[in-house]
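Enquirer: Dropping in upload.csv, which is CSV, C-alpha atoms and all ligand atoms:
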chain,number,residue,atom,x,y,z
W,1,MET,CA,71.4,137.1,69.9
W,2,THR,CA,68.9,134.4,71.0
W,3,GLU,CA,69.8,131.0,70.0
W,4,LEU,CA,67.5,129.1,67.7
W,5,ARG,CA,67.3,125.3,68.3
W,6,GLN,CA,65.6,122.4,66.6
W,7,LEU,CA,62.6,121.4,68.7
W,8,LEU,CA,61.5,118.2,67.1
W,9,PRO,CA,63.5,115.0,67.7
W,10,PRO,CA,64.6,112.9,64.7
W,11,LYS,CA,62.1,110.3,65.6
W,12,MET,CA,59.2,112.7,64.7
W,13,TYR,CA,60.4,112.4,61.1
W,14,THR,CA,60.7,108.6,60.8
W,15,ASP,CA,58.4,106.9,63.3
W,16,PRO,CA,55.1,105.5,62.0
W,17,ALA,CA,53.5,106.0,65.4
W,18,TRP,CA,54.3,109.7,65.3
W,19,PHE,CA,53.0,109.9,61.8
W,20,GLU,CA,49.8,108.3,63.0
W,21,ARG,CA,49.5,110.9,65.8
W,22,GLU,CA,50.0,113.7,63.3
W,23,ARG,CA,47.3,112.2,61.1
W,24,ARG,CA,44.7,112.0,63.9
W,25,GLU,CA,45.7,115.1,65.9
W,26,LEU,CA,46.6,117.5,63.1
W,27,PHE,CA,45.7,116.4,59.5
W,28,ASP,CA,42.2,115.1,60.4
W,29,GLN,CA,41.2,118.7,61.3
W,30,SER,CA,43.3,120.6,58.7
W,31,TRP,CA,42.1,122.8,55.9
W,32,THR,CA,42.9,121.7,52.4
W,33,PHE,CA,42.4,123.3,49.0
W,34,ALA,CA,39.6,121.6,47.0
W,35,CYS,CA,39.0,123.5,43.8
W,36,THR,CA,38.3,127.0,42.5
W,37,GLU,CA,34.8,128.5,43.0
W,38,ALA,CA,34.5,128.7,39.2
W,39,GLU,CA,34.1,124.9,39.2
W,40,LEU,CA,31.0,125.3,41.3
W,41,ASN,CA,28.9,128.0,39.6
W,42,ASN,CA,25.5,126.3,39.4
W,43,ALA,CA,23.3,124.3,41.7
W,44,GLY,CA,24.4,120.7,41.6
W,45,ASP,CA,28.0,121.4,40.6
W,46,PHE,CA,30.3,119.3,42.7
W,47,HIS,CA,34.0,118.5,43.0
W,48,SER,CA,35.0,115.3,44.8
W,49,PHE,CA,38.6,114.6,46.0
W,50,ARG,CA,40.7,112.6,48.4
W,51,PHE,CA,42.5,114.2,51.4
W,52,LEU,CA,44.7,111.6,53.0
W,53,ASP,CA,42.2,109.0,54.5
W,54,HIS,CA,39.3,111.2,53.7
W,55,SER,CA,37.0,111.0,50.7
W,56,LEU,CA,35.2,114.4,50.4
W,57,PHE,CA,33.1,116.5,48.0
W,58,VAL,CA,31.9,120.0,47.9
W,59,VAL,CA,28.7,120.9,46.2
W,60,ARG,CA,26.6,124.0,45.3
W,61,THR,CA,23.1,123.6,46.8
W,62,SER,CA,19.8,124.7,45.4
W,63,SER,CA,19.9,127.8,47.7
W,64,GLY,CA,23.3,128.7,46.3
W,65,GLU,CA,25.5,128.0,49.2
W,66,LEU,CA,28.5,125.7,49.2
W,67,ARG,CA,28.4,122.6,51.5
W,68,ALA,CA,31.1,119.9,52.0
W,69,PHE,CA,30.4,116.3,52.8
W,70,HIS,CA,32.2,113.0,53.3
W,71,ASN,CA,31.8,111.1,50.1
W,72,ILE,CA,30.6,108.0,52.0
W,73,CYS,CA,27.1,106.5,51.5
W,74,ARG,CA,25.3,105.9,54.7
W,75,HIS,CA,24.1,102.5,53.5
W,76,ARG,CA,27.4,100.5,53.1
W,77,GLY,CA,29.9,103.2,52.6
W,78,CYS,CA,30.4,103.4,48.8
W,79,GLU,CA,31.7,106.7,47.4
W,80,VAL,CA,28.6,108.5,46.1
W,81,LEU,CA,30.1,111.0,43.7
W,82,GLU,CA,33.0,110.7,41.3
W,83,GLY,CA,35.3,113.4,39.8
W,84,THR,CA,33.8,116.8,39.0
W,85,GLY,CA,30.5,117.6,37.4
W,86,ASN,CA,26.9,118.4,38.0
W,87,THR,CA,24.7,115.9,39.9
W,88,GLY,CA,21.4,117.5,39.3
W,89,GLU,CA,19.0,117.8,42.2
W,90,VAL,CA,20.0,114.6,43.9
W,91,ILE,CA,23.1,112.7,44.8
W,92,VAL,CA,22.5,109.0,44.0
W,93,CYS,CA,24.8,106.3,45.3
W,94,PRO,CA,25.7,104.0,42.3
W,95,TYR,CA,25.6,100.8,44.5
W,96,HIS,CA,22.0,100.5,45.6
W,97,ARG,CA,20.8,104.0,44.6
W,98,TRP,CA,20.2,105.6,48.0
W,99,ALA,CA,19.5,109.2,47.1
W,100,TYR,CA,20.5,112.3,49.0
W,101,ARG,CA,19.5,115.9,48.6
W,102,LEU,CA,22.2,118.5,47.9
W,103,ASP,CA,22.1,119.5,51.5
W,104,GLY,CA,23.1,115.9,52.4
W,105,ARG,CA,19.7,114.7,53.7
W,106,LEU,CA,18.6,111.2,52.8
W,107,ARG,CA,15.7,111.6,50.4
W,108,ALA,CA,14.8,108.1,49.1
W,109,LEU,CA,16.0,104.5,48.8
W,110,PRO,CA,14.8,101.5,46.8
W,111,PHE,CA,12.6,98.9,48.4
W,112,GLU,CA,12.4,100.8,51.6
W,113,GLU,CA,9.1,99.4,53.0
W,114,GLU,CA,9.7,95.8,51.8
W,115,ALA,CA,13.3,95.6,52.9
W,116,PHE,CA,13.7,97.9,55.8
W,117,GLY,CA,10.2,98.9,57.0
W,118,HIS,CA,11.4,102.4,57.5
W,119,VAL,CA,14.8,104.2,57.5
W,120,ASP,CA,15.1,107.2,59.6
W,121,ARG,CA,15.9,110.1,57.3
W,122,ALA,CA,17.3,112.4,60.0
W,123,SER,CA,20.0,110.1,61.2
W,124,HIS,CA,21.1,108.8,57.8
W,125,GLY,CA,22.2,112.0,56.0
W,126,LEU,CA,25.7,112.4,54.6
W,127,VAL,CA,28.3,113.3,57.2
W,128,GLU,CA,29.1,117.0,56.9
W,129,ALA,CA,32.5,118.5,56.6
W,130,SER,CA,33.3,122.3,56.6
W,131,VAL,CA,34.0,124.6,53.7
W,132,GLY,CA,35.4,128.1,53.3
W,133,VAL,CA,36.1,130.3,50.4
W,134,TYR,CA,38.9,132.8,50.1
W,135,ARG,CA,39.4,134.9,46.9
W,136,GLY,CA,37.7,132.3,44.8
W,137,LEU,CA,39.7,129.4,46.3
W,138,VAL,CA,37.6,126.7,48.0
W,139,PHE,CA,39.0,125.0,51.1
W,140,VAL,CA,37.5,122.0,52.9
W,141,ASN,CA,38.1,120.6,56.4
W,142,PRO,CA,37.1,117.0,57.2
W,143,GLU,CA,35.7,118.2,60.6
W,144,LEU,CA,32.6,120.3,60.9
W,145,ALA,CA,34.0,122.1,64.0
W,146,PRO,CA,37.8,122.0,63.5
W,147,ARG,CA,40.2,123.5,66.0
W,148,ASP,CA,40.9,126.4,63.6
W,149,ARG,CA,37.8,128.0,62.2
W,150,PHE,CA,38.3,129.0,58.5
W,151,ASP,CA,38.3,132.7,59.2
W,152,ASP,CA,40.9,132.3,62.0
W,153,TRP,CA,43.1,130.1,59.9
W,154,ILE,CA,43.2,132.5,57.0
W,155,ALA,CA,43.0,135.6,59.2
W,156,ASN,CA,44.9,138.7,58.3
W,157,MET,CA,45.8,137.3,54.9
W,158,ASP,CA,44.2,140.4,53.2
W,159,ASP,CA,47.3,142.4,54.0
W,160,HIS,CA,49.3,139.9,52.0
W,161,ALA,CA,46.8,139.1,49.2
W,162,TRP,CA,47.5,138.7,45.5
W,163,PRO,CA,45.7,140.4,42.6
W,164,HIS,CA,44.9,137.1,40.8
W,165,ARG,CA,41.2,136.5,40.2
W,166,PHE,CA,39.4,133.2,39.8
W,167,ASN,CA,36.0,134.5,39.0
W,168,ASP,CA,36.6,135.7,35.4
W,169,ASP,CA,38.6,134.3,32.5
W,170,SER,CA,41.9,136.0,33.4
W,171,LEU,CA,43.3,132.7,34.5
W,172,ALA,CA,42.9,129.3,32.9
W,173,PHE,CA,43.8,125.9,34.4
W,174,ALA,CA,47.2,124.9,32.9
W,175,GLY,CA,47.8,121.4,34.2
W,176,GLU,CA,49.0,119.4,37.2
W,177,ILE,CA,52.2,117.6,38.2
W,178,THR,CA,52.8,115.2,41.1
W,179,TYR,CA,56.2,115.1,42.7
W,180,GLU,CA,56.9,111.9,44.6
W,181,MET,CA,59.4,112.5,47.4
W,182,ARG,CA,61.1,110.0,49.8
W,183,CYS,CA,60.9,112.3,52.9
W,184,ASN,CA,58.7,113.1,55.8
W,185,TRP,CA,56.3,116.0,55.0
W,186,LYS,CA,57.9,118.2,57.7
W,187,ILE,CA,61.4,117.9,56.1
W,188,PHE,CA,59.7,119.3,52.9
W,189,TYR,CA,57.8,122.0,54.8
W,190,GLU,CA,60.9,123.2,56.7
W,191,ASN,CA,62.9,123.4,53.5
W,192,ALA,CA,60.1,125.4,51.9
W,193,ILE,CA,60.2,128.1,54.6
W,194,ASP,CA,64.0,128.1,55.0
W,195,GLY,CA,65.3,131.4,53.6
W,196,TYR,CA,68.8,130.5,54.5
W,197,HIS,CA,69.3,127.9,51.7
W,198,LEU,CA,67.9,129.9,48.8
W,199,GLY,CA,71.0,131.8,47.7
W,200,TYR,CA,73.2,128.8,48.0
W,201,LEU,CA,71.4,125.7,46.9
W,202,HIS,CA,69.4,127.6,44.3
W,203,ASP,CA,71.9,130.2,43.2
W,204,LYS,CA,71.5,129.0,39.6
W,205,THR,CA,67.7,128.9,39.6
W,206,LEU,CA,66.6,131.6,42.0
W,207,GLY,CA,69.7,133.8,42.2
W,208,THR,CA,71.8,135.0,45.1
W,209,VAL,CA,68.9,135.5,47.4
W,210,TYR,CA,70.8,135.6,50.7
W,211,PRO,CA,69.0,135.7,54.1
W,212,ASP,CA,69.0,139.5,54.0
W,213,ARG,CA,67.3,139.5,50.5
W,214,ASN,CA,64.1,137.7,51.4
W,215,VAL,CA,61.7,137.6,54.3
W,216,TRP,CA,59.1,135.2,55.7
W,217,ASP,CA,56.2,136.8,57.7
W,218,LEU,CA,54.3,134.7,60.2
W,219,VAL,CA,50.6,135.4,59.6
W,220,GLY,CA,48.6,133.4,62.1
W,221,ARG,CA,49.8,129.9,61.6
W,222,ASN,CA,50.9,130.6,58.0
W,223,HIS,CA,54.1,131.9,56.4
W,224,VAL,CA,54.2,134.4,53.6
W,225,ARG,CA,57.4,135.0,51.6
W,226,TYR,CA,58.6,138.2,49.8
W,227,SER,CA,61.8,138.8,47.9
W,228,THR,CA,63.5,142.0,49.2
W,229,GLU,CA,66.3,142.2,46.7
W,230,ARG,CA,65.1,145.5,45.3
W,231,ASN,CA,66.4,147.8,48.1
W,232,GLY,CA,64.1,146.1,50.6
W,233,GLU,CA,60.9,146.6,48.5
W,234,ARG,CA,58.7,143.6,48.9
W,235,ARG,CA,58.1,141.7,45.6
W,236,SER,CA,56.7,138.3,44.7
W,237,ASN,CA,59.6,136.9,42.7
W,238,THR,CA,63.4,137.0,42.8
W,239,LEU,CA,65.2,139.1,40.2
W,240,LEU,CA,66.6,136.0,38.5
W,241,SER,CA,63.3,134.3,38.2
W,242,VAL,CA,61.7,137.4,36.7
W,243,ASP,CA,64.6,137.6,34.2
W,244,SER,CA,64.2,133.9,33.3
W,245,ALA,CA,60.4,133.9,32.9
W,246,ASP,CA,60.4,137.2,30.9
W,247,GLY,CA,63.4,136.0,29.0
W,248,ILE,CA,61.6,132.9,27.6
W,249,GLY,CA,58.6,135.1,26.8
W,250,ALA,CA,56.2,133.7,29.4
W,251,PRO,CA,53.0,135.7,29.1
W,252,ARG,CA,52.3,138.0,32.0
W,253,LEU,CA,48.9,138.4,33.6
W,254,HIS,CA,47.1,141.5,32.3
W,255,GLY,CA,47.3,144.3,34.9
W,256,ASP,CA,49.8,142.4,37.0
W,257,ASN,CA,51.8,144.7,39.3
W,258,GLU,CA,54.4,142.5,41.0
W,259,ALA,CA,55.3,145.1,43.7
W,260,THR,CA,52.6,144.4,46.2
W,261,TYR,CA,52.1,140.7,46.7
W,262,PRO,CA,54.0,137.7,48.1
W,263,GLY,CA,55.5,134.9,46.0
W,264,VAL,CA,54.8,132.0,48.4
W,265,VAL,CA,52.1,131.5,50.9
W,266,MET,CA,52.5,128.4,53.1
W,267,LEU,CA,49.1,127.6,54.6
W,268,PHE,CA,49.8,125.4,57.6
W,269,PRO,CA,50.1,122.4,57.4
W,270,LEU,CA,49.7,121.1,53.9
W,271,THR,CA,48.8,123.8,51.3
W,272,ILE,CA,51.2,126.1,49.4
W,273,LEU,CA,50.0,129.0,47.2
W,274,SER,CA,52.4,130.7,44.7
W,275,PRO,CA,51.0,133.7,42.9
W,276,SER,CA,53.4,135.2,40.3
W,277,PRO,CA,53.2,137.6,37.3
W,278,TRP,CA,52.8,134.6,35.0
W,279,GLY,CA,50.1,132.7,36.8
W,280,PHE,CA,49.1,131.0,40.1
W,281,TYR,CA,50.2,127.6,41.6
W,282,VAL,CA,48.5,125.6,44.3
W,283,SER,CA,50.6,122.8,45.8
W,284,LEU,CA,49.1,120.2,48.1
W,285,LEU,CA,51.3,118.1,50.3
W,286,GLN,CA,50.1,114.6,50.6
W,287,PRO,CA,51.9,112.7,53.4
W,288,ILE,CA,51.8,109.0,52.4
W,289,ASP,CA,53.6,107.6,55.5
W,290,ALA,CA,56.4,108.8,57.9
W,291,GLU,CA,59.0,108.8,55.1
W,292,ARG,CA,57.1,109.5,51.9
W,293,THR,CA,55.3,112.6,50.7
W,294,ASN,CA,53.7,113.5,47.4
W,295,MET,CA,53.1,117.0,46.3
W,296,ARG,CA,50.4,117.8,43.7
W,297,THR,CA,51.0,121.1,42.0
W,298,MET,CA,48.2,122.6,40.0
W,299,SER,CA,48.8,125.6,37.8
W,300,TRP,CA,46.8,128.4,36.3
W,301,ALA,CA,48.2,130.6,33.5
W,302,PRO,CA,46.9,133.8,31.9
W,303,GLY,CA,43.5,133.1,30.2
W,304,GLY,CA,43.9,132.1,26.6
W,305,THR,CA,47.2,130.3,27.2
W,306,GLY,CA,45.6,127.3,28.9
W,307,GLY,CA,42.4,125.6,27.8
W,308,ARG,CA,44.1,122.4,26.7
W,309,PHE,CA,43.8,121.0,30.2
W,310,LYS,CA,40.8,119.9,32.2
W,311,PHE,CA,40.7,120.6,35.9
W,312,GLY,CA,41.8,117.5,37.8
W,313,GLU,CA,43.7,116.0,34.8
W,314,ARG,CA,46.9,114.4,36.0
W,315,SER,CA,50.3,114.1,34.4
W,316,LYS,CA,53.1,111.5,35.0
W,317,PRO,CA,54.6,111.7,38.5
W,318,VAL,CA,58.1,113.2,38.8
W,319,ARG,CA,60.7,111.1,40.7
W,320,LEU,CA,64.4,111.8,41.2
W,321,ASP,CA,65.2,108.3,40.0
W,322,ASP,CA,63.7,109.1,36.6
W,323,LEU,CA,65.8,112.1,36.0
W,324,ASP,CA,68.4,111.9,33.2
W,325,GLY,CA,71.1,114.3,34.6
W,326,HIS,CA,72.1,115.5,38.0
W,327,PRO,CA,69.4,117.4,40.0
W,328,LEU,CA,71.7,120.5,40.2
W,329,ASP,CA,71.8,120.6,36.4
W,330,SER,CA,68.0,120.4,36.1
W,331,GLY,CA,67.5,124.2,36.1
W,332,ASN,CA,64.5,123.6,38.3
W,333,PHE,CA,64.5,124.7,42.0
W,334,GLN,CA,61.8,122.1,42.8
W,335,ILE,CA,64.1,119.3,41.7
W,336,GLU,CA,67.0,120.8,43.6
W,337,ASP,CA,64.8,120.8,46.7
W,338,MET,CA,63.7,117.2,46.2
W,339,TRP,CA,67.3,116.2,46.0
W,340,ILE,CA,68.1,117.9,49.3
W,341,VAL,CA,65.0,116.6,51.3
W,342,GLU,CA,65.8,113.1,50.3
W,343,LYS,CA,69.5,113.6,51.4
W,344,ILE,CA,68.3,114.7,54.8
W,345,GLN,CA,65.7,111.9,55.2
W,346,ARG,CA,68.3,109.2,54.5
W,347,ASN,CA,70.4,110.5,57.4
W,348,LEU,CA,67.6,110.7,60.0
W,349,ARG,CA,67.9,107.1,61.2
W,350,SER,CA,71.7,107.3,61.7
W,351,PRO,CA,72.6,107.3,65.4
W,352,LYS,CA,75.0,110.1,64.6
W,353,PHE,CA,72.4,112.4,63.2
W,354,ALA,CA,71.9,115.7,65.1
W,355,VAL,CA,70.6,119.1,64.1
W,356,GLY,CA,73.0,122.0,65.0
W,357,PRO,CA,72.1,125.6,65.6
W,358,LEU,CA,69.6,127.2,63.3
W,359,ALA,CA,70.2,130.5,61.5
W,360,VAL,CA,68.3,133.3,63.2
W,361,GLY,CA,66.4,135.7,60.9
W,362,ASP,CA,63.0,136.0,59.1
W,363,GLY,CA,64.9,135.5,55.9
W,364,ALA,CA,66.8,132.6,57.4
W,365,GLU,CA,65.7,129.7,59.6
W,366,THR,CA,63.5,131.5,62.2
W,367,PRO,CA,60.3,130.4,60.3
W,368,ILE,CA,61.4,126.7,60.9
W,369,GLY,CA,61.3,127.3,64.7
W,370,GLN,CA,57.9,128.9,64.4
W,371,PHE,CA,56.6,126.0,62.3
W,372,GLN,CA,57.9,123.5,64.9
W,373,GLU,CA,56.2,125.4,67.8
W,374,GLN,CA,52.9,125.2,65.9
W,375,LEU,CA,53.2,121.6,65.2
W,376,LEU,CA,53.8,120.9,68.9
W,377,GLU,CA,50.6,122.7,69.7
W,378,PHE,CA,48.7,120.0,67.8
W,379,VAL,CA,51.0,117.0,68.6
W,380,PRO,CA,52.7,117.6,71.9
W,381,LEU,CA,55.9,115.6,72.7
W,401,LIG,S1,26.3,101.6,49.6
W,401,LIG,FE1,25.2,103.3,48.8
W,401,LIG,S2,23.3,102.6,48.4
W,401,LIG,FE2,24.3,100.9,49.2
W,402,FE,FE,64.4,125.4,48.1
Spit out the file's structure as C-alpha cells when you get a sec.

Expert:
Amino acid sequence: MTELRQLLPPKMYTDPAWFERERRELFDQSWTFACTEAELNNAGDFHSFRFLDHSLFVVRTSSGELRAFHNICRHRGCEVLEGTGNTGEVIVCPYHRWAYRLDGRLRALPFEEEAFGHVDRASHGLVEASVGVYRGLVFVNPELAPRDRFDDWIANMDDHAWPHRFNDDSLAFAGEITYEMRCNWKIFYENAIDGYHLGYLHDKTLGTVYPDRNVWDLVGRNHVRYSTERNGERRSNTLLSVDSADGIGAPRLHGDNEATYPGVVMLFPLTILSPSPWGFYVSLLQPIDAERTNMRTMSWAPGGTGGRFKFGERSKPVRLDDLDGHPLDSGNFQIEDMWIVEKIQRNLRSPKFAVGPLAVGDGAETPIGQFQEQLLEFVPL
C-alpha cells in the first residue's frame, strides 16, 4: 500500500506570513457563493457582500445578464451599495453621488464641469469581478480572469448534482448561523473531508460510519461525499442522521429521492454545499487570520416551513466557550468538529507536534492528501 504523508509543515497553519500568501495567491482569485438567483430576478436587483478583504456586489443589468463588481466608488472608495435590494437604473454612491450604470460605467457626477472640468467616463467605471451561476446558485470571484474559470472549477459536477431547485418556491430561506472557531481554515477543511474520523468522533451524531461506509470523490478541485452504508449504494445522508431527522418529524422536500445525490460538496477552497432530504445548506469559510476561522452557514428548508427569515439575516455567533455542557454531549456534529479543530490548533506551535501517517482510502484520509496537493499548486512551499 502506498504511504500517505502530510505535505504541509505545521508553520503553514500558524504563520501570519503564510496566511498572507494564501490570501494573495489563493483567496484573491477564489470563487465564493454570493446568493441565490432568486434574489436577482429583475433588472436592478443586487446583492452586496464581503469576501475577506473584498467588498463586492452582483447585479441584474437591464439586458438581463448578471454582472459582478467591486463595491468601491471610483471617486474616493466608498461602498456604493448596501445589503440586498433593487437599485433602479443607476447605482448612486451615497457620499458625493457619483452615479454608475448597471453595467458599471460611470454615468454622471455632481458639479463635474465646475469642479473637475471633465472626468473620463471610460476609465472611471466600477472595477469588474466575475460571476457564474450553477443550478440557481450565484458565485462570484474577485478577479475578472481568475486562474480557474467558473466552468472549469465546477466542471463535471453534473454527475454529482442534487435535485434541489432554487427557481421555484420549493425551498425557503430558513436562517443563518456563524460558527467562530479558533483554528486555521485548513484544519477545518481537512477535518471536513476526513472520512476516517466520522464513525469515531461522531458515533453518537452521525453513526458508525467507518472508512468503508463513506466515500469522497475528487471532482476537479472539489470533493463530493456519499454515505455507502446501504450495501455500497450512494446516498446523501448516514442512516443515523436519516433516522434522527425523520424521527423529529423534519419535513422532507417534496419529490426528494435520497438515493442519487451527495450529502456534502466541498468547493475548494472556501465553500461547502450540503443538500439533504430536509433542505439545503451553504457554508462559507471566512479565514480571519492564521489561527481564526468563521463559518457562515445559511439554510433553506422546504417551502412553507421558512418565510420567517430574510436572506442575509444573521443570528448570534456560536462559540465553544458559550456552550453549557461538554461538546460531546451537544448532539451536534458541528460542535464536535469545532471541539476537535481547536484541540489540534492549540498543539500546532508545540515543538513536539508532528503529523504521523495518514489513513489511506477515499473514505479515510486520502482526500486530505489531495487537498494539500491542490493548495501547494497555488501556494508552493
Ligand atoms: S466616494 Fe463615491 S462619490 Fe465620492
Ligand atoms: Fe466531523

Enquirer: May I ask for the distance between CA of Arg135 in chain W and CA of Pro367 in chain W, given in Å to one decimal place?

Expert: 25.2 Å

Enquirer: Please indicate the distance in Å from CA of Thr228 in chain W to CA of Val264 in chain W, rounded to one decimal place.

Expert: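 If I compute the distance from CA of Thr228 in chain W to CA of Val264 in chain W, I get 13.3 Å.
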
Enquirer: What residues of the protein or nucleic acid chains come within 6 Å of ligand LIG 401 (chain W) when you use only C-alpha atoms and all ligand atoms? Reply as JSON, numbers by chain.

Expert: {"W": [73, 75, 76, 77, 78, 93, 95, 96, 97, 98]}

Enquirer: Restricted to C-alpha atoms, what would the selected residues look like written as an mmCIF file, in the frame of the given file?

Expert:
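Generated file (selection.cif):
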data_model
loop_
_atom_site.group_PDB
_atom_site.id
_atom_site.type_symbol
_atom_site.label_atom_id
_atom_site.label_comp_id
_atom_site.auth_asym_id
_atom_site.auth_seq_id
_atom_site.Cartn_x
_atom_site.Cartn_y
_atom_site.Cartn_z
ATOM 1 C CA CYS W 73 27.100 106.500 51.500
ATOM 2 C CA HIS W 75 24.100 102.500 53.500
ATOM 3 C CA ARG W 76 27.400 100.500 53.100
ATOM 4 C CA GLY W 77 29.900 103.200 52.600
ATOM 5 C CA CYS W 78 30.400 103.400 48.800
ATOM 6 C CA CYS W 93 24.800 106.300 45.300
ATOM 7 C CA TYR W 95 25.600 100.800 44.500
ATOM 8 C CA HIS W 96 22.000 100.500 45.600
ATOM 9 C CA ARG W 97 20.800 104.000 44.600
ATOM 10 C CA TRP W 98 20.200 105.600 48.000
#

Enquirer: For the contact check between chain W and ligand FE 402 (chain W), emit one row per residue of chain W within 9 Å, containing the shortest atom pair and the distance in Å rounded to one decimal, counting all atoms listed in the file, chain then rising number order, as a tab-separated table.

Expert:
residue	atom	partner	partner_atom	distance
W:Asn191	CA	W:FE402	FE	6.0
W:Ala192	CA	W:FE402	FE	5.7
W:Ile193	CA	W:FE402	FE	8.2
W:Asp194	CA	W:FE402	FE	7.4
W:Gly195	CA	W:FE402	FE	8.2
W:His197	CA	W:FE402	FE	6.6
W:Leu198	CA	W:FE402	FE	5.7
W:Leu201	CA	W:FE402	FE	7.1
W:His202	CA	W:FE402	FE	6.7
W:Leu206	CA	W:FE402	FE	9.0
W:Phe333	CA	W:FE402	FE	6.1
W:Gln334	CA	W:FE402	FE	6.8
W:Ile335	CA	W:FE402	FE	8.8
W:Glu336	CA	W:FE402	FE	6.9
W:Asp337	CA	W:FE402	FE	4.8
W:Met338	CA	W:FE402	FE	8.4
W:Ile340	CA	W:FE402	FE	8.4

Enquirer: Considering only C-alpha atoms, return as a list of chain:residue names whatever protein or nucleic-acid residues lie within 12 Å of Leu144 in chain W, sequence-local ones (same chain, fewer than 3 positions apart) excluded.

Expert: W:Asp28, W:Gln29, W:Ser30, W:Trp31, W:Arg67, W:Ala68, W:Phe69, W:His70, W:Val127, W:Glu128, W:Ala129, W:Ser130, W:Val131, W:Gly132, W:Val140, W:Asn141, W:Arg147, W:Asp148, W:Arg149, W:Phe150

Enquirer: Taking all atoms of range 54-58 of chain W that appear in the file, build a box with edges along x, y and z, extend it by 5 Å on every side, and state its centre and edge lengths in Å to one decimal, as lines of an AutoDock Vina configuration file.

Expert:
center_x = 35.6
center_y = 115.5
center_z = 50.8
size_x = 17.4
size_y = 19.0
size_z = 15.8

Enquirer: Using only C-alpha atoms for the distances, tell me which of W:Pro9, W:Gly104, W:Pro16, W:Pro211 is nearest to Gly44 in chain W.

Expert: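 Among the listed residues, W:Gly104 lies closest to Gly44 in chain W.
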